[in-house]
Amino acid sequence: MRTLARWCFTHRRLVLVAWLVALIGLSALSRAAGTAYSDSFTLPSAESTQALSLLEAAAPKAAGDNDQIVIAVTDGKVTGPAVQSRITPMLSRVATLPHVAKIASPYAPGGARQVSPSGQVAFATITFDERANLIPTDALNKVVDTAKAAAGDGVQVELGGAAIEQTNKPSIGGVGYGVLAAAVVLFLVFGSLLGMALPLITALVSLGSALGAIGLLSNAMNMASFTSQLASLIGLGVGVDYALFIVSRYRQGLQAGKSPEEAAVTAVNTSGRAVVFAGITVCIALMGMFALGLNFLYGLAVASSVAVLFTVAAAITLLPALLGFFGTRVLPRRQRRAITAGTFSTEAESRRWAAWATLVRRNPAAYAAAGIAIMAIIAIPFLSLRLGSSDQGNDPSSTTTRKAYDLLAHGFGPGFNGPLQIVAPVQSSAQVTDFNQVIAQIAKQPGVAAAGPGTVVGNSGGPQVAMAIVYPTTAPQDKATSDLVTHLRSVTIPAASTGTGLHVLVGGQTAIFDDFSTIIGGKLPLFIGVVVALSSLLLLAVFRSLVIPATAAVMNLLSAAAAFGVITAVFQWGWLDRLIGVDRAGPIEAFLPVMVFAILFGLSMDYEVFLVSRMHEEWQHSRDNAHAVGHGLAVTARTITAAAAIMVLVFGAFILGGERVIKLFGLGLAAAVLLDALIVRSLIVPALMFAFGRANWALPKALDRIIPRLNVEPGAEEEPQPPASEPEALPAGTPS
């Protein structure tokens with residue numbers, strides 16, 4: 001690390017040019033190639049996937065995405081001649097557009113079911129020839145533009161569905177607010193405009209480069225529509241955080257009497273090592289999602305890892321180069337004048353945090369119990385966490401998908417926004433009759449608004465499939481809808497199809513998301529177990545202790561539970577939801593706990609290593625546990641809380657974005673970092689380490705021999721000593 005840092009410092013112009021070329025080049029290539037973000041995914045073992053496969057084999061065009069064109073009037077009826085004369089030609093034009101397989105018009109024979117009882121809302125069903133993720137966005141935009149051209153004169157036209165939702169342009173408006181919030185905190189911490197600018201420049205250059213690379217990767221693998229927003233949230237947060245650690249150590253080196261070059265080299269060789277360690281652990285946790293076998297998560301994991309890797313690379317290459325340009329100007333003028341006068345800082349501990357450490361030391365058991373109780377209370381809502389998928393009723397109110405959702409819910413009921421597909425392979429007319437009888441039984445079930453009629457798709461002589469549409473009475477994201485899917489599969493359909501030889505399946509977009517939630521919920525404990533085990537092994541190798549990894553594992557779980565408790569209370573229970581722009585309570589996105597836990601794991605490891613490594617250094621020197629824990633907390637807590645404040649503000653700024661899923665990530669990560677830094681690392685961990693005493697550093701000799709050693713901090717022999725002419729200077733890297 002020393003060699004890399006010195007080379008980047010010395011060849012700073014070359015390093016800066018290389019990063020600017022990467023930023024401009026990747027951004028230009030991404031724009032030229034375009035992006036292909038998509039929210040579609042497959043679940044090979046799920047019943048909904050089997051239903052889709054049946055349709056694809058029998059009639060590929062019938063297996064394409066089904067969306068809606070919703071027509072509404074405030075006066076008169078949608079069936080009036082004036083309205084029909086506007087809508088019918090429009091539907092004919094849409095039917096001729098690329099990727100449109102057919103249109104089911106409310107004005108066609110049998111279309112009366114597509115007109116609301118009030119007569120003021122109707123819908124036409126568009127069947128595309130491909131699934132949503134395979135339809136070009138340009139083709140979908142053409143459908144939207146053609147349909148909405150018929151609006152006017154009291155007629156409203158909106159479009160909804162999974163394919164149409166891809167035309168909604170994601171907003172990353174939280175980035176600007178996040179940068180502004182980070183700038184304010186950095187200025188308060190450093191007291192220097194250049195000191196404030198360094199972490200921001202590093203984070204923004206790395207984030208811009210990462211977004212270009214992610215855009216290119218979206219053409220090679222499936223990535224969700226909000227991938228760039230999530231990558232921006234993670235990249236900006238960790239990018240500023242990682243740069244803060246290194247710049248803080250650099251400033252401490254300058255104040256201790258080092259030259260700018262030696263201060264930069266020392267900063268990268270100390271804090272830079274912790275940054276690399278933390279970044280790698282985040283990526284390992286994220287890439288661990290491949291073990292879940294859910295392709296929807298692959299793109300999110302890769303994109304998030306790319307964002308983190310770019311921030312790490314920038315922190316250990318671009319940042320030392322920028323330090324070479326800025327020199328001592330990252331310090332306030334008062335501190336620069338002191339250095340010029342030969343006065344160096346000798347203060348290592350924060351007086352306030354030293355006093356806090358002394359207070360906790362007097363009664364560690366009571367403070368640990370209080371901290372754990374606070375976290376447990378915050379985590380209580382987590383016990384009622386329900387995984388699911390939010391529907392288009394949570395889209396920003398300005399989007400056509402949200403307007404279409406509201407119109408359908410008003411005219412027909414919320415269940416018409418998420419119909420179920422009932423399918424079964426049939427080989428005879430008798431089986432078709434049996435299938436229709438199954439649909440008749442489904443129509444009688446509580447929670448079903450309408451069902452049928454059944455139709456047969458497929459070519460004669462080939463596989464044929466009977467299909468019917470079932471509309472629930474409740475919205476796609478509601479628990480009652482999920483319960484209905486389960487009841488149909490486990491009770492209604494088996495009872496109605498007994499003795500017929502039919503294999504009836506429940507499919508459709510709503511069922512797919514329900515299956516996704518069920519599958520990921522079942523695999524979540526395994527994923528968390530793997531991540532916790534990995535973090536424990538890494539800490540075991542670094543600190544040669546059994547107690548420290550065990551404590552960290554429990555604390556990581558406690559932090560995650562508290563963070564999930566916060567988002568459950570806000571998004572699922574509806575507490576204070578209007579304050580952050582959430583219109584409707586609903587389930588927590590099924591993949592969010594996996595992503596949040598993976599990211600929190602890495603950030604917690606960062607804070608844990610930064611805190612405990614200082615304690616470990618002092619323990620090796622003094623063999624006094626109480627002194628080591630108190631000194632480590634007093635030295636590091638100020639930097640940890642400053643870094644956490646930046647993280648909280650950056651993540652919290654994304655709550656201002658339009659999409660519900662980004663609000664979920666923003667609030668979840670902000671809450672996780674806030675609680676982890678203020679309560680876990682600054683209270684519970686030190687209190688427990690005071691209470692455990694020398695047991696913190698105990699490791700059986702048998703384990704010590706077989707476990708490899710990992711050093712996050714360099715050995716003393718790696719760091720040059722201060723010049724003899726500067727006796728006041730502190731050891732390299734000691735915080736001020």
# chains A, B, ... in the order shown; residues from 1 in each chain; ligands from 1
$ residues_around --residues "Leu387 (chain A)" --least-positions-apart "4" --cutoff "9 Å" --atoms "only C-alpha atoms" --output "number ranges by chain"
A: 514, 517-518, 520-521, 587-593
$ residues_around --residues "region 197-207 of chain A" --least-positions-apart "5" --cutoff "7 Å" --atoms "only C-alpha atoms" --output "PyMOL selection string"
chain A and resi 23+232+235-236+239-240+243-244+307+310-311+314-315+318-319
$ closest_residue --among "A:Gly279, A:Gly324, A:Gly25, A:Gly632" --to "Glu261 (chain A)" --atoms "only C-alpha atoms"
A:Gly324
$ closest_residue --among "A:Trp697, A:Phe123, A:Phe597, A:Tyr177" --to "Leu557 (chain A)" --atoms "only C-alpha atoms"
A:Phe597
$ select_by_dssp --residues "region 265-469 of chain A" --states "strand (DSSP E)" --output "PDB file with C-alpha atoms, in the first residue's frame"
ATOM      1  CA  LEU A 387     -42.207  -9.539   2.568  1.00  0.00           C
ATOM      2  CA  GLY A 388     -43.927  -8.789  -0.706  1.00  0.00           C
ATOM      3  CA  LEU A 420     -54.299 -13.901 -11.753  1.00  0.00           C
ATOM      4  CA  GLN A 421     -53.904 -16.317 -14.665  1.00  0.00           C
ATOM      5  CA  ILE A 422     -55.357 -19.789 -14.204  1.00  0.00           C
ATOM      6  CA  VAL A 423     -53.902 -22.210 -16.759  1.00  0.00           C
ATOM      7  CA  ALA A 424     -53.964 -25.946 -17.402  1.00  0.00           C
ATOM      8  CA  PRO A 425     -52.844 -28.174 -20.293  1.00  0.00           C
ATOM      9  CA  VAL A 426     -55.908 -29.771 -21.971  1.00  0.00           C
ATOM     10  CA  VAL A 448     -62.605 -13.151  -5.960  1.00  0.00           C
ATOM     11  CA  ALA A 449     -64.293 -10.241  -7.755  1.00  0.00           C
ATOM     12  CA  ALA A 450     -64.641 -11.905 -11.170  1.00  0.00           C
ATOM     13  CA  ALA A 451     -63.368 -14.990 -12.994  1.00  0.00           C
ATOM     14  CA  THR A 455     -60.342 -19.843 -23.443  1.00  0.00           C
ATOM     15  CA  VAL A 456     -58.099 -22.358 -25.198  1.00  0.00           C
ATOM     16  CA  VAL A 457     -54.843 -21.245 -26.803  1.00  0.00           C
ATOM     17  CA  GLN A 464     -53.108 -26.669 -25.999  1.00  0.00           C
ATOM     18  CA  VAL A 465     -53.659 -24.739 -22.811  1.00  0.00           C
ATOM     19  CA  ALA A 466     -56.873 -23.569 -21.203  1.00  0.00           C
ATOM     20  CA  MET A 467     -56.577 -20.129 -19.649  1.00  0.00           C
ATOM     21  CA  ALA A 468     -58.798 -17.843 -17.592  1.00  0.00           C
ATOM     22  CA  ILE A 469     -58.329 -14.521 -15.826  1.00  0.00           C
TER      23      ILE A 469
END
$ atom_distance --atom1 "CA of Pro446 (chain A)" --atom2 "CA of Thr127 (chain A)"
28.3 Å
$ atom_distance --atom1 "CA of Leu300 (chain A)" --atom2 "CA of Ile378 (chain A)"
28.1 Å
$ residues_around --residues "His627 (chain A)" --least-positions-apart "4" --cutoff "12 Å" --atoms "only C-alpha atoms" --output "list of chain:residue names"
A:Ala354, A:Ala357, A:Thr358, A:Arg361, A:Arg614, A:Met615, A:His616, A:Glu617, A:Glu618, A:Trp619, A:Gln620, A:His621, A:Ser622, A:Arg623, A:His631, A:Gly632, A:Leu633, A:Ala634, A:Val635, A:Pro686, A:Met689, A:Phe690, A:Gly693, A:Arg694
$ closest_residue --among "A:Ala278, A:Val121, A:Ile662, A:Val504" --to "Gln431 (chain A)" --atoms "only C-alpha atoms"
A:Val504
$ residues_around --residues "Glu130 (chain A)" --least-positions-apart "4" --cutoff "10 Å" --atoms "only C-alpha atoms" --output "MDAnalysis selection string"
chainID A and resid 56 60:66 99:101 134:136 163
$ write_last_selection --atoms "N, CA and C atoms" --output "PDB file, in the first residue's frame"
ATOM      1  N   GLU A  56     -46.054 -20.263 -22.972  1.00  0.00           N
ATOM      2  CA  GLU A  56     -45.015 -20.031 -23.966  1.00  0.00           C
ATOM      3  C   GLU A  56     -44.895 -21.193 -24.937  1.00  0.00           C
ATOM      4  N   PRO A  60     -46.829 -18.709 -27.840  1.00  0.00           N
ATOM      5  CA  PRO A  60     -45.849 -17.736 -27.348  1.00  0.00           C
ATOM      6  C   PRO A  60     -46.394 -16.323 -27.233  1.00  0.00           C
ATOM      7  N   LYS A  61     -47.239 -15.904 -28.187  1.00  0.00           N
ATOM      8  CA  LYS A  61     -47.756 -14.541 -28.132  1.00  0.00           C
ATOM      9  C   LYS A  61     -48.719 -14.350 -26.967  1.00  0.00           C
ATOM     10  N   ALA A  62     -49.428 -15.391 -26.594  1.00  0.00           N
ATOM     11  CA  ALA A  62     -50.346 -15.290 -25.455  1.00  0.00           C
ATOM     12  C   ALA A  62     -49.599 -15.206 -24.138  1.00  0.00           C
ATOM     13  N   ALA A  63     -48.311 -15.613 -24.165  1.00  0.00           N
ATOM     14  CA  ALA A  63     -47.506 -15.591 -22.940  1.00  0.00           C
ATOM     15  C   ALA A  63     -46.820 -14.252 -22.734  1.00  0.00           C
ATOM     16  N   GLY A  64     -46.982 -13.331 -23.690  1.00  0.00           N
ATOM     17  CA  GLY A  64     -46.387 -12.019 -23.530  1.00  0.00           C
ATOM     18  C   GLY A  64     -47.052 -11.239 -22.414  1.00  0.00           C
ATOM     19  N   ASP A  65     -46.469 -10.089 -22.097  1.00  0.00           N
ATOM     20  CA  ASP A  65     -46.983  -9.286 -20.996  1.00  0.00           C
ATOM     21  C   ASP A  65     -48.352  -8.711 -21.335  1.00  0.00           C
ATOM     22  N   ASN A  66     -49.255  -8.695 -20.344  1.00  0.00           N
ATOM     23  CA  ASN A  66     -50.586  -8.120 -20.504  1.00  0.00           C
ATOM     24  C   ASN A  66     -50.667  -6.809 -19.731  1.00  0.00           C
ATOM     25  N   HIS A  99     -44.455  -5.218 -31.537  1.00  0.00           N
ATOM     26  CA  HIS A  99     -44.506  -5.987 -30.288  1.00  0.00           C
ATOM     27  C   HIS A  99     -45.898  -6.054 -29.667  1.00  0.00           C
ATOM     28  N   VAL A 100     -46.908  -5.498 -30.317  1.00  0.00           N
ATOM     29  CA  VAL A 100     -48.279  -5.636 -29.840  1.00  0.00           C
ATOM     30  C   VAL A 100     -48.909  -6.821 -30.556  1.00  0.00           C
ATOM     31  N   ALA A 101     -49.264  -7.854 -29.789  1.00  0.00           N
ATOM     32  CA  ALA A 101     -49.837  -9.063 -30.388  1.00  0.00           C
ATOM     33  C   ALA A 101     -51.324  -8.899 -30.652  1.00  0.00           C
ATOM     34  N   LEU A 134     -38.178  -8.015 -22.287  1.00  0.00           N
ATOM     35  CA  LEU A 134     -37.652  -8.233 -23.634  1.00  0.00           C
ATOM     36  C   LEU A 134     -38.186  -7.220 -24.643  1.00  0.00           C
ATOM     37  N   ILE A 135     -39.055  -6.336 -24.218  1.00  0.00           N
ATOM     38  CA  ILE A 135     -39.643  -5.352 -25.133  1.00  0.00           C
ATOM     39  C   ILE A 135     -38.814  -4.074 -25.086  1.00  0.00           C
ATOM     40  N   PRO A 136     -38.342  -3.573 -26.211  1.00  0.00           N
ATOM     41  CA  PRO A 136     -37.550  -2.336 -26.209  1.00  0.00           C
ATOM     42  C   PRO A 136     -38.345  -1.161 -25.639  1.00  0.00           C
ATOM     43  N   ALA A 163     -44.970  -3.921 -18.305  1.00  0.00           N
ATOM     44  CA  ALA A 163     -44.193  -3.425 -19.439  1.00  0.00           C
ATOM     45  C   ALA A 163     -44.227  -1.910 -19.490  1.00  0.00           C
TER      46      ALA A 163
END
$ residues_around --residues "region 364-371 of chain A" --least-positions-apart "4" --cutoff "6 Å" --atoms "only C-alpha atoms" --output "VMD selection string"
chain A and resid 360 684 687 691
$ atom_distance --atom1 "CA of Ala112 (chain A)" --atom2 "CA of Ser390 (chain A)"
29.5 Å
$ closest_residue --among "A:Leu286, A:Leu603, A:Ala550, A:Ala264" --to "Gly327 (chain A)" --atoms "only C-alpha atoms"
A:Ala264
$ residues_around --residues "Ala698 (chain A)" --least-positions-apart "2" --cutoff "6 Å" --atoms "only C-alpha atoms" --output "MDAnalysis selection string"
chainID A and resid 545 695:696
$ write_last_selection --atoms "C-alpha atoms" --output "PDB file, in the first residue's frame"
ATOM      1  CA  SER A 545     -10.216 -13.444  19.690  1.00  0.00           C
ATOM      2  CA  ALA A 695     -11.503 -12.460  27.868  1.00  0.00           C
ATOM      3  CA  ASN A 696     -11.849 -10.090  24.903  1.00  0.00           C
TER       4      ASN A 696
END
$ closest_residue --among "A:Leu710, A:Val143, A:Val506, A:Val312" --to "Gln50 (chain A)" --atoms "only C-alpha atoms"
A:Val506
$ closest_residue --among "A:Val94, A:Met647, A:Ile234, A:Met375" --to "Ser559 (chain A)" --atoms "only C-alpha atoms"
A:Met375
$ residues_around --residues "Leu558 (chain A)" --least-positions-apart "2" --cutoff "10 Å" --atoms "only C-alpha atoms" --output "list of chain:residue names"
A:Ile372, A:Met375, A:Ala376, A:Ile378, A:Ala379, A:Ala552, A:Ala553, A:Val554, A:Met555, A:Asn556, A:Ala560, A:Ala561, A:Ala562, A:Ala563, A:Phe564, A:Ala672, A:Leu675, A:Asp676, A:Val680
$ select_by_dssp --residues "region 166-258 of chain A" --states "helix (DSSP H, G or I)" --output "JSON, numbers by chain"
{"A": [166, 167, 174, 175, 176, 177, 178, 179, 180, 181, 182, 183, 184, 185, 186, 187, 188, 189, 190, 193, 194, 195, 196, 197, 198, 199, 200, 201, 202, 203, 204, 205, 206, 207, 208, 209, 210, 211, 212, 213, 214, 215, 216, 217, 227, 228, 229, 230, 231, 232, 233, 234, 235, 236, 237, 238, 239, 240, 241, 242, 243, 244, 245, 246, 247, 248, 249, 250, 251, 252, 253, 254, 255]}
$ decode --residues "region 134-209 of chain A" --atoms "C-alpha atoms" --output "mmCIF file, in the first residue's frame"
data_model
loop_
_atom_site.group_PDB
_atom_site.id
_atom_site.type_symbol
_atom_site.label_atom_id
_atom_site.label_comp_id
_atom_site.auth_asym_id
_atom_site.auth_seq_id
_atom_site.Cartn_x
_atom_site.Cartn_y
_atom_site.Cartn_z
ATOM 1 C CA LEU A 134 -37.652 -8.233 -23.634
ATOM 2 C CA ILE A 135 -39.643 -5.352 -25.133
ATOM 3 C CA PRO A 136 -37.550 -2.336 -26.209
ATOM 4 C CA THR A 137 -38.333 0.833 -24.301
ATOM 5 C CA ASP A 138 -38.731 2.752 -27.553
ATOM 6 C CA ALA A 139 -41.554 0.408 -28.586
ATOM 7 C CA LEU A 140 -43.280 0.881 -25.240
ATOM 8 C CA ASN A 141 -42.947 4.655 -25.456
ATOM 9 C CA LYS A 142 -44.582 4.492 -28.883
ATOM 10 C CA VAL A 143 -47.520 2.595 -27.374
ATOM 11 C CA VAL A 144 -47.890 5.177 -24.606
ATOM 12 C CA ASP A 145 -47.667 8.147 -26.976
ATOM 13 C CA THR A 146 -50.147 6.620 -29.449
ATOM 14 C CA ALA A 147 -52.675 5.797 -26.752
ATOM 15 C CA LYS A 148 -52.470 9.099 -24.889
ATOM 16 C CA ALA A 149 -52.890 11.039 -28.146
ATOM 17 C CA ALA A 150 -56.597 10.121 -27.948
ATOM 18 C CA ALA A 151 -57.046 11.990 -24.666
ATOM 19 C CA GLY A 152 -58.865 15.309 -24.546
ATOM 20 C CA ASP A 153 -62.370 16.760 -24.616
ATOM 21 C CA GLY A 154 -63.136 15.252 -21.218
ATOM 22 C CA VAL A 155 -61.573 11.855 -22.022
ATOM 23 C CA GLN A 156 -58.615 10.656 -19.932
ATOM 24 C CA VAL A 157 -56.311 7.903 -21.213
ATOM 25 C CA GLU A 158 -53.708 6.249 -18.978
ATOM 26 C CA LEU A 159 -51.675 3.055 -19.251
ATOM 27 C CA GLY A 160 -50.626 0.511 -16.646
ATOM 28 C CA GLY A 161 -48.845 -2.809 -16.386
ATOM 29 C CA ALA A 162 -45.376 -4.268 -15.923
ATOM 30 C CA ALA A 163 -44.193 -3.425 -19.439
ATOM 31 C CA ILE A 164 -45.547 0.116 -19.414
ATOM 32 C CA GLU A 165 -43.908 0.763 -16.058
ATOM 33 C CA GLN A 166 -40.535 0.539 -17.781
ATOM 34 C CA THR A 167 -41.329 3.859 -19.460
ATOM 35 C CA ASN A 168 -41.306 5.606 -16.078
ATOM 36 C CA LYS A 169 -38.012 7.434 -15.872
ATOM 37 C CA PRO A 170 -36.294 6.754 -12.538
ATOM 38 C CA SER A 171 -35.353 9.810 -10.530
ATOM 39 C CA ILE A 172 -32.066 10.140 -8.678
ATOM 40 C CA GLY A 173 -32.984 13.518 -7.243
ATOM 41 C CA GLY A 174 -31.630 12.498 -3.847
ATOM 42 C CA VAL A 175 -28.050 12.687 -5.126
ATOM 43 C CA GLY A 176 -27.929 16.490 -5.083
ATOM 44 C CA TYR A 177 -29.362 16.721 -1.579
ATOM 45 C CA GLY A 178 -26.996 13.996 -0.419
ATOM 46 C CA VAL A 179 -23.961 15.827 -1.784
ATOM 47 C CA LEU A 180 -25.089 19.078 -0.154
ATOM 48 C CA ALA A 181 -25.656 17.387 3.219
ATOM 49 C CA ALA A 182 -22.284 15.656 3.051
ATOM 50 C CA ALA A 183 -20.590 18.957 2.196
ATOM 51 C CA VAL A 184 -22.062 20.654 5.261
ATOM 52 C CA VAL A 185 -20.898 17.896 7.626
ATOM 53 C CA LEU A 186 -17.448 17.714 6.028
ATOM 54 C CA PHE A 187 -16.977 21.456 6.402
ATOM 55 C CA LEU A 188 -17.995 21.277 10.070
ATOM 56 C CA VAL A 189 -15.575 18.378 10.623
ATOM 57 C CA PHE A 190 -12.591 19.774 8.703
ATOM 58 C CA GLY A 191 -13.153 23.533 8.902
ATOM 59 C CA SER A 192 -11.678 23.858 5.408
ATOM 60 C CA LEU A 193 -13.307 24.193 1.994
ATOM 61 C CA LEU A 194 -10.594 22.103 0.337
ATOM 62 C CA GLY A 195 -10.803 19.513 3.091
ATOM 63 C CA MET A 196 -14.537 19.367 2.469
ATOM 64 C CA ALA A 197 -14.088 19.106 -1.308
ATOM 65 C CA LEU A 198 -11.639 16.197 -1.344
ATOM 66 C CA PRO A 199 -14.013 13.398 -0.228
ATOM 67 C CA LEU A 200 -16.788 14.791 -2.447
ATOM 68 C CA ILE A 201 -14.605 14.979 -5.556
ATOM 69 C CA THR A 202 -13.328 11.462 -4.974
ATOM 70 C CA ALA A 203 -16.804 10.051 -4.393
ATOM 71 C CA LEU A 204 -18.410 11.812 -7.377
ATOM 72 C CA VAL A 205 -15.668 10.844 -9.840
ATOM 73 C CA SER A 206 -15.791 7.210 -8.744
ATOM 74 C CA LEU A 207 -19.608 7.199 -8.752
ATOM 75 C CA GLY A 208 -19.815 8.710 -12.232
ATOM 76 C CA SER A 209 -17.379 6.125 -13.574
#
